[in-house]
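Listing of protein-v5.cif, mmCIF, C-alpha atoms
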```cif
data_input
loop_
_atom_site.label_atom_id
_atom_site.label_comp_id
_atom_site.auth_asym_id
_atom_site.auth_seq_id
_atom_site.Cartn_x
_atom_site.Cartn_y
_atom_site.Cartn_z
CA MET A 337 0.00 0.00 0.00
CA SER A 338 1.16 3.51 -0.71
CA ARG A 339 0.03 6.74 0.81
CA THR A 340 0.71 8.63 -2.38
CA HIS A 341 -1.14 8.55 -5.68
CA HIS A 342 1.27 10.17 -8.09
CA HIS A 343 4.41 8.20 -8.86
CA PRO A 344 7.48 8.30 -11.05
CA GLU A 345 7.24 6.23 -14.23
CA ASP A 346 8.75 2.76 -14.15
CA VAL A 347 11.39 3.81 -16.68
CA LEU A 348 12.44 6.70 -14.46
CA LEU A 349 12.77 4.37 -11.47
CA MET A 350 15.01 2.24 -13.63
CA GLU A 351 17.28 5.21 -14.31
CA PHE A 352 17.38 5.79 -10.56
CA ALA A 353 18.26 2.14 -9.87
CA ALA A 354 20.94 2.18 -12.55
CA GLY A 355 22.48 5.30 -10.99
CA VAL A 356 22.17 7.53 -14.05
CA LEU A 357 20.06 10.38 -12.70
CA SER A 358 21.46 13.75 -11.76
CA THR A 359 21.75 14.48 -8.05
CA GLY A 360 18.68 16.73 -8.15
CA HIS A 361 16.52 14.15 -9.89
CA ALA A 362 17.77 11.37 -7.62
CA LEU A 363 16.87 13.51 -4.60
CA CYS A 364 13.31 13.79 -5.90
CA ILE A 365 13.02 10.04 -6.38
CA GLU A 366 14.56 9.40 -2.97
CA ALA A 367 12.02 11.77 -1.41
CA HIS A 368 9.12 9.99 -3.10
CA LEU A 369 10.49 6.59 -2.06
CA HIS A 370 10.49 7.79 1.53
CA TYR A 371 6.68 7.88 1.31
CA CYS A 372 5.98 5.07 -1.13
CA GLU A 373 6.44 1.40 -0.38
CA THR A 374 5.19 0.38 -3.82
CA CYS A 375 7.94 2.28 -5.55
CA ARG A 376 10.53 1.01 -3.06
CA ALA A 377 9.53 -2.53 -4.00
CA ALA A 378 9.83 -1.55 -7.65
CA VAL A 379 13.35 -0.22 -7.11
CA SER A 380 14.37 -3.42 -5.35
CA ARG A 381 13.18 -5.34 -8.43
CA LEU A 382 15.12 -2.98 -10.67
CA ASN A 383 18.26 -3.53 -8.58
CA LEU A 384 17.89 -7.27 -9.31
CA ILE A 385 18.26 -6.54 -12.99
CA GLY A 386 21.44 -4.59 -12.38
CA GLY A 387 22.85 -7.49 -10.39
CA ALA A 388 21.99 -9.98 -13.11
CA MET A 389 23.42 -7.78 -15.85
CA VAL A 390 26.79 -7.45 -14.11
CA SER A 391 27.02 -11.08 -13.13
CA GLN A 392 26.05 -12.23 -16.62
CA GLY A 393 28.20 -9.60 -18.25
CA ALA A 394 31.61 -10.05 -19.79
CA GLU A 395 34.83 -10.11 -17.81
CA THR A 396 38.05 -8.17 -17.90
CA SER A 397 41.08 -9.58 -16.15
CA VAL A 398 42.21 -7.98 -12.93
CA PRO A 399 45.88 -8.05 -11.87
CA ASP A 400 46.58 -10.32 -8.88
CA GLU A 401 48.03 -7.48 -6.87
CA ILE A 402 44.60 -5.86 -6.62
CA PHE A 403 43.50 -8.59 -4.25
CA ASP A 404 46.65 -8.00 -2.19
CA ARG A 405 45.80 -4.30 -2.01
CA VAL A 406 42.30 -5.14 -0.91
CA LEU A 407 43.69 -7.31 1.90
CA GLN A 408 46.03 -4.50 2.94
CA CYS A 409 43.14 -2.03 3.17
CA ILE A 410 41.15 -4.50 5.19
CA ALA A 411 44.04 -5.24 7.54
CA ALA A 412 44.54 -1.54 8.11
CA ASP A 413 40.89 -1.34 9.16
CA GLU A 414 41.00 -3.76 12.00
CA PRO A 415 39.94 -3.60 14.75
CA ALA A 416 37.91 -0.42 14.09
CA PRO A 417 36.05 -0.65 10.79
CA ALA A 418 35.15 2.50 8.88
CA PRO A 419 31.89 3.97 10.15
CA ALA A 420 28.89 3.29 7.94
CA VAL A 421 27.10 6.26 6.47
CA HIS A 422 23.65 6.26 7.96
CA LYS A 423 20.57 7.14 6.08
CA PRO A 424 18.50 9.72 7.88
CA VAL A 425 15.47 8.22 9.54
CA GLY A 426 12.00 9.68 9.46
CA LYS A 427 12.44 12.19 6.67
CA PRO A 428 13.60 12.36 3.06
CA LEU A 429 17.26 13.08 2.46
CA VAL A 430 16.60 16.57 1.10
CA ALA A 431 15.10 17.64 4.41
CA THR A 432 18.33 16.74 6.20
CA LEU A 433 20.57 18.80 3.93
CA MET A 434 19.78 21.99 5.75
CA ASP A 435 20.50 22.80 9.37
CA LEU A 436 17.22 24.64 9.70
CA PRO A 437 13.64 23.43 9.58
CA PHE A 438 11.65 24.53 6.52
CA ASP A 439 9.97 27.47 8.14
CA GLN A 440 13.28 29.03 9.18
CA LEU A 441 15.07 28.87 5.85
CA PRO A 442 16.02 32.17 4.16
CA TRP A 443 13.20 32.06 1.62
CA LYS A 444 13.30 34.59 -1.23
CA ARG A 445 9.89 36.08 -1.98
CA GLN A 446 8.81 36.00 -5.58
CA LEU A 447 5.45 36.84 -7.13
CA GLY A 448 2.14 35.86 -5.68
CA GLY A 449 2.53 33.63 -2.66
CA VAL A 450 5.62 31.94 -4.07
CA SER A 451 8.96 31.85 -2.26
CA VAL A 452 12.06 29.98 -3.28
CA TYR A 453 15.13 28.60 -1.53
CA ASP A 454 17.89 27.71 -3.95
CA ILE A 455 19.11 24.47 -2.40
CA GLY A 456 21.00 23.53 -5.57
CA ALA A 457 23.23 26.58 -5.48
CA SER A 458 23.74 26.56 -1.71
CA GLN A 459 24.05 22.86 -0.92
CA LEU A 460 24.59 20.86 -4.07
CA GLY A 461 26.91 22.90 -6.25
CA CYS A 462 24.34 22.90 -9.05
CA GLY A 463 23.67 25.85 -11.30
CA GLU A 464 21.31 28.53 -10.10
CA ARG A 465 17.60 27.94 -9.79
CA ARG A 466 17.84 24.38 -11.05
CA VAL A 467 17.19 22.54 -7.79
CA VAL A 468 14.99 24.56 -5.47
CA LEU A 469 12.57 24.33 -2.63
CA GLN A 470 9.40 26.15 -3.57
CA LYS A 471 6.96 27.42 -1.03
CA LEU A 472 3.43 28.32 -1.98
CA ALA A 473 1.80 30.15 0.93
CA LYS A 474 -1.43 28.58 2.15
CA GLY A 475 -4.42 29.56 0.12
CA CYS A 476 -2.30 31.15 -2.59
CA LYS A 477 -2.29 30.47 -6.30
CA ALA A 478 1.01 30.73 -8.17
CA PRO A 479 1.19 33.12 -11.14
CA ALA A 480 0.59 31.38 -14.48
CA HIS A 481 3.91 29.97 -15.63
CA THR A 482 5.56 27.45 -17.85
CA HIS A 483 9.14 26.33 -18.25
CA HIS A 484 11.51 25.23 -20.93
CA GLY A 485 12.22 21.56 -20.53
CA ASP A 486 11.04 19.44 -17.64
CA GLU A 487 10.09 20.24 -14.10
CA MET A 488 10.26 17.41 -11.57
CA THR A 489 8.47 18.03 -8.28
CA VAL A 490 7.90 16.17 -5.03
CA VAL A 491 5.62 17.59 -2.35
CA LEU A 492 7.40 17.70 1.01
CA GLN A 493 4.78 19.51 3.06
CA GLY A 494 1.13 20.39 2.55
CA ALA A 495 -0.59 19.96 -0.81
CA PHE A 496 -1.39 21.76 -4.05
CA SER A 497 -3.94 21.36 -6.80
CA ASP A 498 -3.81 22.41 -10.41
CA GLU A 499 -5.51 21.65 -13.71
CA THR A 500 -4.38 18.03 -13.62
CA GLY A 501 -5.07 16.94 -10.07
CA VAL A 502 -4.39 17.19 -6.37
CA PHE A 503 -0.89 16.51 -5.07
CA LEU A 504 -0.24 15.53 -1.47
CA GLU A 505 2.88 15.03 0.62
CA GLY A 506 5.13 12.48 -1.10
CA ASP A 507 3.44 12.80 -4.50
CA PHE A 508 5.74 12.99 -7.50
CA VAL A 509 5.05 15.00 -10.65
CA LEU A 510 7.06 15.33 -13.84
CA ARG A 511 5.86 18.06 -16.17
CA ASP A 512 7.13 19.04 -19.54
CA ASP A 513 6.94 22.45 -21.12
CA SER A 514 3.86 21.77 -23.21
CA HIS A 515 1.41 23.43 -20.88
CA THR A 516 1.05 26.22 -18.45
CA HIS A 517 -0.14 25.62 -14.94
CA ARG A 518 -1.21 27.52 -11.85
CA PRO A 519 -0.80 25.52 -8.67
CA LEU A 520 -3.00 26.45 -5.74
CA ALA A 521 -1.92 25.59 -2.20
CA VAL A 522 -4.70 23.69 -0.46
CA GLY A 523 -5.26 23.10 3.20
CA ASN A 524 -4.28 25.26 6.11
CA ILE A 525 -0.54 24.98 5.67
CA ASP A 526 2.11 26.31 3.29
CA CYS A 527 2.87 23.90 0.48
CA ILE A 528 6.58 23.15 0.17
CA SER A 529 8.00 21.14 -2.72
CA LEU A 530 11.36 20.06 -4.01
CA SER A 531 11.55 21.12 -7.60
CA VAL A 532 14.18 20.33 -10.24
CA LEU A 533 14.04 22.50 -13.32
CA ASP A 534 15.74 22.11 -16.68
CA ALA A 535 15.52 25.86 -17.16
CA PRO A 536 14.19 28.82 -15.22
CA VAL A 537 10.46 29.34 -15.01
CA ARG A 538 8.75 31.70 -17.46
CA LEU A 539 5.74 33.65 -16.42
CA THR A 540 2.98 33.48 -18.99
CA GLY A 541 0.23 35.71 -17.69
CA VAL A 542 -0.58 38.77 -19.84
CA PHE A 543 1.02 41.20 -17.40
CA THR A 544 3.40 38.99 -15.53
CA ARG A 545 5.29 37.90 -18.62
CA LEU A 546 6.66 41.40 -18.86
CA LEU A 547 8.45 40.68 -15.60
CA ASN A 548 10.41 37.71 -16.93
CA PRO A 549 13.72 39.55 -17.51
CA LEU A 550 13.58 40.94 -13.98
CA LEU A 551 13.39 37.51 -12.44
CA HIS A 552 16.44 36.15 -14.16
CA MET B 285 10.70 -23.65 -0.49
CA GLN B 286 13.69 -24.60 1.61
CA PRO B 287 15.81 -21.55 2.44
CA SER B 288 19.02 -23.31 1.51
CA ALA B 289 17.64 -24.09 -1.93
CA ALA B 290 16.85 -20.43 -2.47
CA ARG B 291 20.30 -19.23 -1.55
CA ASP B 292 22.87 -19.26 -4.35
CA SER B 293 26.49 -20.18 -3.76
CA TRP B 294 27.77 -16.58 -3.93
CA SER B 295 25.29 -15.53 -1.28
CA GLU B 296 26.47 -18.40 0.88
CA LEU B 297 30.08 -17.26 0.52
CA LEU B 298 29.19 -13.66 1.28
CA ASP B 299 27.28 -14.83 4.31
CA LEU B 300 30.47 -16.55 5.56
CA VAL B 301 32.43 -13.36 5.03
CA GLY B 302 29.88 -11.40 7.01
CA LYS B 303 29.46 -13.85 9.85
CA GLN B 304 33.00 -15.25 10.19
CA LYS B 305 35.27 -12.92 8.25
CA ASP B 306 36.16 -15.95 6.17
CA GLN B 307 39.02 -14.87 3.90
CA ARG B 308 38.92 -17.97 1.75
CA ALA B 309 35.28 -17.32 0.96
CA PHE B 310 36.20 -13.71 0.24
CA ARG B 311 38.95 -14.85 -2.15
CA GLN B 312 36.41 -16.92 -4.06
CA LEU B 313 34.03 -13.98 -4.27
CA PHE B 314 36.84 -11.79 -5.51
CA SER B 315 37.82 -14.27 -8.22
CA HIS B 316 34.25 -14.39 -9.43
CA PHE B 317 33.17 -10.77 -9.18
CA ALA B 318 36.31 -8.70 -9.70
CA PRO B 319 36.58 -9.35 -13.46
CA LYS B 320 32.90 -8.59 -13.89
CA LEU B 321 33.20 -5.40 -11.86
CA LYS B 322 36.16 -4.33 -13.95
CA TYR B 323 34.13 -4.87 -17.12
CA TYR B 324 31.36 -2.79 -15.52
CA ALA B 325 33.85 0.00 -14.83
CA LEU B 326 35.14 -0.08 -18.38
CA CYS B 327 31.63 0.04 -19.85
CA ASN B 328 31.06 3.16 -17.78
CA GLY B 329 34.04 4.84 -19.36
CA LEU B 330 36.35 4.44 -16.36
CA ALA B 331 39.08 2.75 -18.37
CA SER B 332 42.08 3.98 -16.43
CA HIS B 333 40.34 3.60 -13.06
CA GLY B 334 38.92 0.13 -13.47
CA ASP B 335 41.30 -1.53 -11.01
CA GLU B 336 40.78 1.26 -8.52
CA LEU B 337 37.02 0.89 -8.62
CA VAL B 338 37.27 -2.89 -8.28
CA GLN B 339 39.46 -2.45 -5.23
CA GLU B 340 37.07 0.05 -3.61
CA VAL B 341 34.07 -2.14 -4.27
CA MET B 342 35.65 -5.26 -2.81
CA VAL B 343 36.96 -3.43 0.26
CA THR B 344 33.45 -2.09 0.81
CA VAL B 345 31.99 -5.56 0.31
CA TRP B 346 34.23 -6.84 3.11
CA ARG B 347 33.43 -3.96 5.43
CA LYS B 348 29.68 -4.14 4.95
CA ALA B 349 29.35 -7.92 4.72
CA GLU B 350 27.98 -8.08 8.25
CA THR B 351 24.88 -6.26 7.05
CA PHE B 352 24.34 -8.62 4.11
CA ASP B 353 21.12 -10.61 4.37
CA TRP B 354 20.55 -13.13 1.58
CA GLN B 355 16.83 -12.97 2.22
CA ILE B 356 16.73 -9.32 1.26
CA ALA B 357 18.95 -9.52 -1.84
CA SER B 358 21.34 -11.98 -3.40
CA ALA B 359 25.07 -11.35 -3.33
CA SER B 360 25.12 -10.25 -6.96
CA THR B 361 22.33 -7.70 -6.42
CA TRP B 362 23.96 -6.43 -3.24
CA ILE B 363 27.40 -6.16 -4.83
CA PHE B 364 25.88 -4.43 -7.85
CA THR B 365 24.39 -1.69 -5.66
CA ILE B 366 27.74 -1.15 -3.97
CA ALA B 367 29.48 -0.94 -7.34
CA ARG B 368 26.82 1.41 -8.67
CA ASN B 369 27.07 3.70 -5.65
CA LEU B 370 30.87 3.87 -5.80
CA ARG B 371 30.77 4.46 -9.54
CA VAL B 372 28.40 7.41 -9.05
CA ASP B 373 30.65 8.88 -6.35
CA PHE B 374 33.72 8.30 -8.51
CA ILE B 375 32.26 10.09 -11.49
CA ARG B 376 31.14 13.02 -9.35
CA LYS B 377 34.63 13.31 -7.85
CA MET B 378 36.18 13.26 -11.29
CA ALA B 379 33.80 15.95 -12.47
CA ARG B 380 34.87 17.88 -9.41
CA THR B 381 31.27 18.51 -8.46
CA PRO B 382 31.45 19.51 -4.83
CA THR B 383 30.55 16.42 -2.90
CA ASP B 384 29.15 16.20 0.53
CA GLY B 385 29.07 13.07 2.67
CA ALA B 386 25.34 13.52 3.15
CA LEU B 387 24.89 13.00 -0.60
CA ASP B 388 27.06 9.93 -1.01
CA ALA B 389 25.38 7.63 -3.46
CA GLU B 390 25.07 5.02 -0.72
CA VAL B 391 22.71 7.34 1.14
CA LEU B 392 20.99 8.71 -1.96
CA LEU B 393 20.50 5.46 -3.87
CA GLY B 394 20.60 2.97 -1.00
CA VAL B 395 21.80 -0.57 -0.44
CA PRO B 396 19.36 -3.48 -0.10
CA GLY B 397 18.50 -4.21 3.48
CA GLU B 398 18.99 -0.70 4.69
CA ASP B 399 15.68 0.65 3.53
CA GLU B 400 13.86 -2.13 1.82
CA PRO B 401 10.60 -3.89 2.47
CA VAL B 402 10.80 -7.05 4.49
CA ALA B 403 12.24 -10.08 2.70
CA ASN B 404 9.69 -12.21 0.98
CA VAL B 405 9.45 -15.31 -1.14
CA GLN B 406 8.36 -13.32 -4.20
CA ARG B 407 11.62 -11.42 -4.16
CA ILE B 408 13.58 -14.67 -4.05
CA ILE B 409 11.54 -16.04 -6.94
CA ALA B 410 11.96 -12.81 -8.90
CA GLU B 411 15.72 -12.99 -8.42
CA ARG B 412 15.85 -16.41 -10.00
CA GLN B 413 13.46 -15.48 -12.81
CA VAL B 414 15.49 -12.44 -13.81
CA ARG B 415 18.67 -14.52 -13.84
CA GLU B 416 17.07 -17.18 -16.01
CA LEU B 417 15.13 -14.88 -18.34
CA LEU B 418 17.75 -12.21 -18.96
CA PRO B 419 19.65 -14.28 -21.55
CA THR B 420 16.39 -14.84 -23.46
CA LEU B 421 15.73 -11.15 -24.12
CA PRO B 422 15.67 -10.10 -27.76
CA ILE B 423 18.83 -8.24 -28.79
CA ASP B 424 17.19 -4.83 -29.08
CA GLN B 425 15.82 -5.02 -25.56
CA ARG B 426 19.05 -6.36 -24.14
CA GLU B 427 20.93 -3.58 -25.86
CA VAL B 428 18.95 -0.74 -24.28
CA LEU B 429 19.08 -2.33 -20.82
CA GLY B 430 22.82 -2.71 -21.22
CA LYS B 431 23.29 0.94 -22.14
CA VAL B 432 21.39 2.08 -19.08
CA TYR B 433 22.72 -0.34 -16.47
CA MET B 434 26.20 -1.09 -17.76
CA GLU B 435 27.13 2.12 -19.58
CA GLY B 436 25.43 4.54 -17.19
CA LYS B 437 23.37 6.26 -19.87
CA SER B 438 20.03 7.99 -19.46
CA HIS B 439 17.17 7.03 -21.75
CA GLN B 440 17.65 10.24 -23.70
CA GLU B 441 21.35 9.48 -24.19
CA VAL B 442 20.49 5.98 -25.37
CA ALA B 443 17.92 7.43 -27.79
CA ASP B 444 20.48 9.91 -29.12
CA GLU B 445 23.15 7.27 -29.51
CA LEU B 446 20.94 4.70 -31.23
CA LYS B 447 19.14 7.41 -33.21
CA LEU B 448 15.76 6.30 -31.96
CA PRO B 449 12.81 8.26 -30.61
CA LEU B 450 12.79 8.41 -26.82
CA GLY B 451 9.40 6.66 -26.86
CA THR B 452 10.91 3.68 -28.63
CA VAL B 453 13.65 3.34 -26.04
CA LYS B 454 11.07 3.45 -23.25
CA SER B 455 8.88 0.86 -25.00
CA ARG B 456 11.79 -1.51 -25.38
CA ILE B 457 12.58 -1.14 -21.73
CA ARG B 458 9.00 -1.82 -20.75
CA LEU B 459 8.91 -4.88 -22.99
CA ALA B 460 12.09 -6.09 -21.35
CA LEU B 461 10.58 -5.58 -17.89
CA THR B 462 7.50 -7.55 -18.88
CA ARG B 463 9.60 -10.32 -20.33
CA LEU B 464 11.69 -10.47 -17.16
CA ARG B 465 8.45 -10.68 -15.22
CA VAL B 466 9.48 -7.66 -13.24
CA GLN B 467 5.97 -6.36 -12.76
CA LEU B 468 6.06 -2.91 -11.28
CA GLU B 469 2.71 -2.59 -9.52
CA GLN B 470 2.34 1.08 -10.15
CA SER B 471 2.72 0.88 -13.93
#
```

Here is the file; what I need is its structure written in the form of C-alpha cells.
Amino acid sequence: MSRTHHHPEDVLLMEFAAGVLSTGHALCIEAHLHYCETCRAAVSRLNLIGGAMVSQGAETSVPDEIFDRVLQCIAADEPAPAPAVHKPVGKPLVATLMDLPFDQLPWKRQLGGVSVYDIGASQLGCGERRVVLQKLAKGCKAPAHTHHGDEMTVVLQGAFSDETGVFLEGDFVLRDDSHTHRPLAVGNIDCISLSVLDAPVRLTGVFTRLLNPLLH
Amino acid sequence: MQPSAARDSWSELLDLVGKQKDQRAFRQLFSHFAPKLKYYALCNGLASHGDELVQEVMVTVWRKAETFDWQIASASTWIFTIARNLRVDFIRKMARTPTDGALDAEVLLGVPGEDEPVANVQRIIAERQVRELLPTLPIDQREVLGKVYMEGKSHQEVADELKLPLGTVKSRIRLALTRLRVQLEQS
C-alpha cells in the first residue's frame, strides 16, 4: 500500500536504480520513495536486474596485486572498521541537507505567494535555480507559468492542486513544457515542494510575462 | 521452499564473510566478481580507473558484509548496488562537483536491506526469474538495458546514440521488464 497517488514512471525508477540520474533528480526520487512502499519494492526489483546484468556480463582480467591491495586495506581497518554512512530516519534526504527546519530557511519572496530557496546553489553545487525548494503560501495560487524543458516536483509539506489533479505530501510529478499551470496551495498549511528544473520558469500571464527579464 | 535451496552459492560465501570474516570465501568472491566489476567499470568509461574501482568495491563488500542478508537480496544484487554507488561517487569526484558526505550515493541510492521492504518469497523467486530470463531477451531489448545499467546512460542518451525516438527506447525497456516478469505494480 502507498500513501501517495502520483508516482514516477517505471522507466524513471530504472534510471534511478541504474544510478544515471542527476543528483537533483535522484533527490526527488529518494524523497518519493520515503513515502511510497510500492515504488521502493519496484526499485528493489530494478536492482535485481542490475545485479543480473553485471554477473552475466563479460569479464576483464584484474591483476593479482589488486587482491593484495584489498587485503592490505582490510588489515589496516582492523579492529575499528570505517563507520557506515547512515541514512536519515524519518524524513527524506533533502530535508536533512539543511540545518534549519523549513519554516526558518532564508526564503526569497517572488510573485504571488511563491517563495524559493535555492538548495542547488547553496548545498549541491548545481547551477542557479535548477534545484529549489518552492513554497506556496497557504491559500495562494502561483502566477501562471511554464518552463523550458522538464520540471520534476515532489511535495514535502502540505498539498497543491492544479488543472491536472491534487498533489499531497510524497506525490511525484514530472511536467514538460507543453502546458502552463497555476498551482494552488490547499489546506491550512504552506505547500513546500522540491523542484528540479531544466531551465528557469517563465511567467505566462498577460502582465506577468513582462516581468520575466527581472526575475532572471 | 527450503531456504538453503533459495540461496545461491555466492550468497552463501558472502554470508560466511559477514558472519565469520572468512578470507577464503572472500577470495572466491573476488575471483568471481572482480573481473565482472572491472568490465562494468570499463563500460562506464572508467578505463584507467577500473582496477581502482574494483578495489574500492571489494573493500566495501568486506566492510559491509555483516549487514548482508541473503533474504533481502542476493550477493550479486547487493554487490551491484555497492558498485553502482561507488561508480556514481567516482564520477562526481572526477567531475569535481562539490561532494558532501550527506549526498554519497550510498545514502541517496541505497543498499538493499537498509531501507527495503521485508524479505519475501516473491523477491527470491523474482531474483531467480530475472537470472534465467535475462539471456532470453531479444537483442534490441538487451541492448537498451545494457546501455542504461552497464554504460550509465540515461534514456535520452540511449535514444540519441541509437538514433531512436525516446518513446521507442522506453517501449523496449518496458517490454524487457515484462519479459523479465518484473511487474512494477504502479505501472

Next item on the list: May I ask you to extract the residues of chain B within 6 Å of chain A, using all atoms listed in the file, and to give them as a ChimeraX atom specification?
Entry: /B:319-320,322-323,339,343,360-361,364,382,391,415,433,436,438,468

Just C-alpha atoms for this one: save the residues we selected as a PDB file, keeping the file's coordinate frame.
```
ATOM      1  CA  PRO B 319      36.580  -9.350 -13.460  1.00  0.00           C
ATOM      2  CA  LYS B 320      32.900  -8.590 -13.890  1.00  0.00           C
ATOM      3  CA  LYS B 322      36.160  -4.330 -13.950  1.00  0.00           C
ATOM      4  CA  TYR B 323      34.130  -4.870 -17.120  1.00  0.00           C
ATOM      5  CA  GLN B 339      39.460  -2.450  -5.230  1.00  0.00           C
ATOM      6  CA  VAL B 343      36.960  -3.430   0.260  1.00  0.00           C
ATOM      7  CA  SER B 360      25.120 -10.250  -6.960  1.00  0.00           C
ATOM      8  CA  THR B 361      22.330  -7.700  -6.420  1.00  0.00           C
ATOM      9  CA  PHE B 364      25.880  -4.430  -7.850  1.00  0.00           C
ATOM     10  CA  PRO B 382      31.450  19.510  -4.830  1.00  0.00           C
ATOM     11  CA  VAL B 391      22.710   7.340   1.140  1.00  0.00           C
ATOM     12  CA  ARG B 415      18.670 -14.520 -13.840  1.00  0.00           C
ATOM     13  CA  TYR B 433      22.720  -0.340 -16.470  1.00  0.00           C
ATOM     14  CA  GLY B 436      25.430   4.540 -17.190  1.00  0.00           C
ATOM     15  CA  SER B 438      20.030   7.990 -19.460  1.00  0.00           C
ATOM     16  CA  LEU B 468       6.060  -2.910 -11.280  1.00  0.00           C
TER      17      LEU B 468
END
```

Item checked: Distance in Å - atom CA of Leu492 of chain A versus atom CA of Cys527 of chain A ->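 Distance reported for this atom pair: 7.7 Å.
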
Note to self: Just to confirm, what's the straight-line distance from atom CA of Gly523 of chain A to atom CA of Lys471 of chain A in Å (one decimal)?
What the structure shows: 13.6 Å

Next item on the list: Rounded to one decimal place, report the atom CA of Met378 of chain B-atom CA of Glu445 of chain B distance in Å.
Entry: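 Going from atom CA of Met378 of chain B over to atom CA of Glu445 of chain B, I get 23.2 Å.
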
Next item on the list: Translate the PyMOL selection byres ((chain A and resi 494-510) around 7), as applied to the file shown, into an explicit residue set as a PyMOL selection string.
Entry: chain A and resi 340-344+367-368+371+486-493+511-512+517-523+525-528

Next item on the list: Just say which residues the PyMOL selection byres ((chain B and resi 327) around 10) picks in this file, as a ChimeraX atom specification.
Entry: /B:321-326,328-331,334,430-431,433-436

Compile the contact shell of Val442 of chain B as a PDB file with C-alpha atoms, in the frame of the given file: residues with an atom at most 8 Å away, counting all atoms listed in the file, same-chain residues fewer than 6 positions apart removed.
```pdb
ATOM      1  CA  VAL B 428      18.950  -0.740 -24.280  1.00  0.00           C
ATOM      2  CA  LYS B 431      23.290   0.940 -22.140  1.00  0.00           C
ATOM      3  CA  VAL B 432      21.390   2.080 -19.080  1.00  0.00           C
ATOM      4  CA  VAL B 453      13.650   3.340 -26.040  1.00  0.00           C
TER       5      VAL B 453
END
```

Note to self: Take the PyMOL selection byres ((chain B and resi 463) around 10), run it mentally on this structure, and tell me the resulting residues as a VMD selection string.
What the structure shows: chain B and resid 413 to 414 417 to 418 420 to 422 425 457 to 462 464 to 467

Segment 496-508 of chain A rebuilt with N, CA and C atoms, output as a compact mmCIF listing (two decimals), keeping the file's coordinate frame:
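Printed below is part.txt as written:
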```txt
# COMPACT_ATOMS: atom_id res chain seq x y z
N PHE A 496 -0.92 20.76 -3.07
CA PHE A 496 -1.39 21.76 -4.05
C PHE A 496 -2.29 21.07 -5.06
N SER A 497 -3.12 21.89 -5.71
CA SER A 497 -3.94 21.36 -6.80
C SER A 497 -3.69 22.23 -8.02
N ASP A 498 -3.85 21.62 -9.18
CA ASP A 498 -3.81 22.41 -10.41
C ASP A 498 -4.73 21.73 -11.42
N GLU A 499 -4.60 22.14 -12.68
CA GLU A 499 -5.51 21.65 -13.71
C GLU A 499 -5.51 20.13 -13.84
N THR A 500 -4.44 19.48 -13.38
CA THR A 500 -4.38 18.03 -13.62
C THR A 500 -4.64 17.17 -12.39
N GLY A 501 -4.77 17.78 -11.23
CA GLY A 501 -5.07 16.94 -10.07
C GLY A 501 -4.67 17.57 -8.75
N VAL A 502 -4.75 16.76 -7.72
CA VAL A 502 -4.39 17.19 -6.37
C VAL A 502 -3.14 16.42 -5.95
N PHE A 503 -2.19 17.11 -5.38
CA PHE A 503 -0.89 16.51 -5.07
C PHE A 503 -0.59 16.69 -3.60
N LEU A 504 -0.43 15.55 -2.92
CA LEU A 504 -0.24 15.53 -1.47
C LEU A 504 1.22 15.24 -1.14
N GLU A 505 1.53 15.29 0.16
CA GLU A 505 2.88 15.03 0.62
C GLU A 505 3.38 13.69 0.08
N GLY A 506 4.55 13.69 -0.54
CA GLY A 506 5.13 12.48 -1.10
C GLY A 506 4.81 12.27 -2.57
N ASP A 507 3.80 12.98 -3.09
CA ASP A 507 3.44 12.80 -4.50
C ASP A 507 4.54 13.34 -5.41
N PHE A 508 4.69 12.69 -6.54
CA PHE A 508 5.74 12.99 -7.50
C PHE A 508 5.10 13.42 -8.80
```
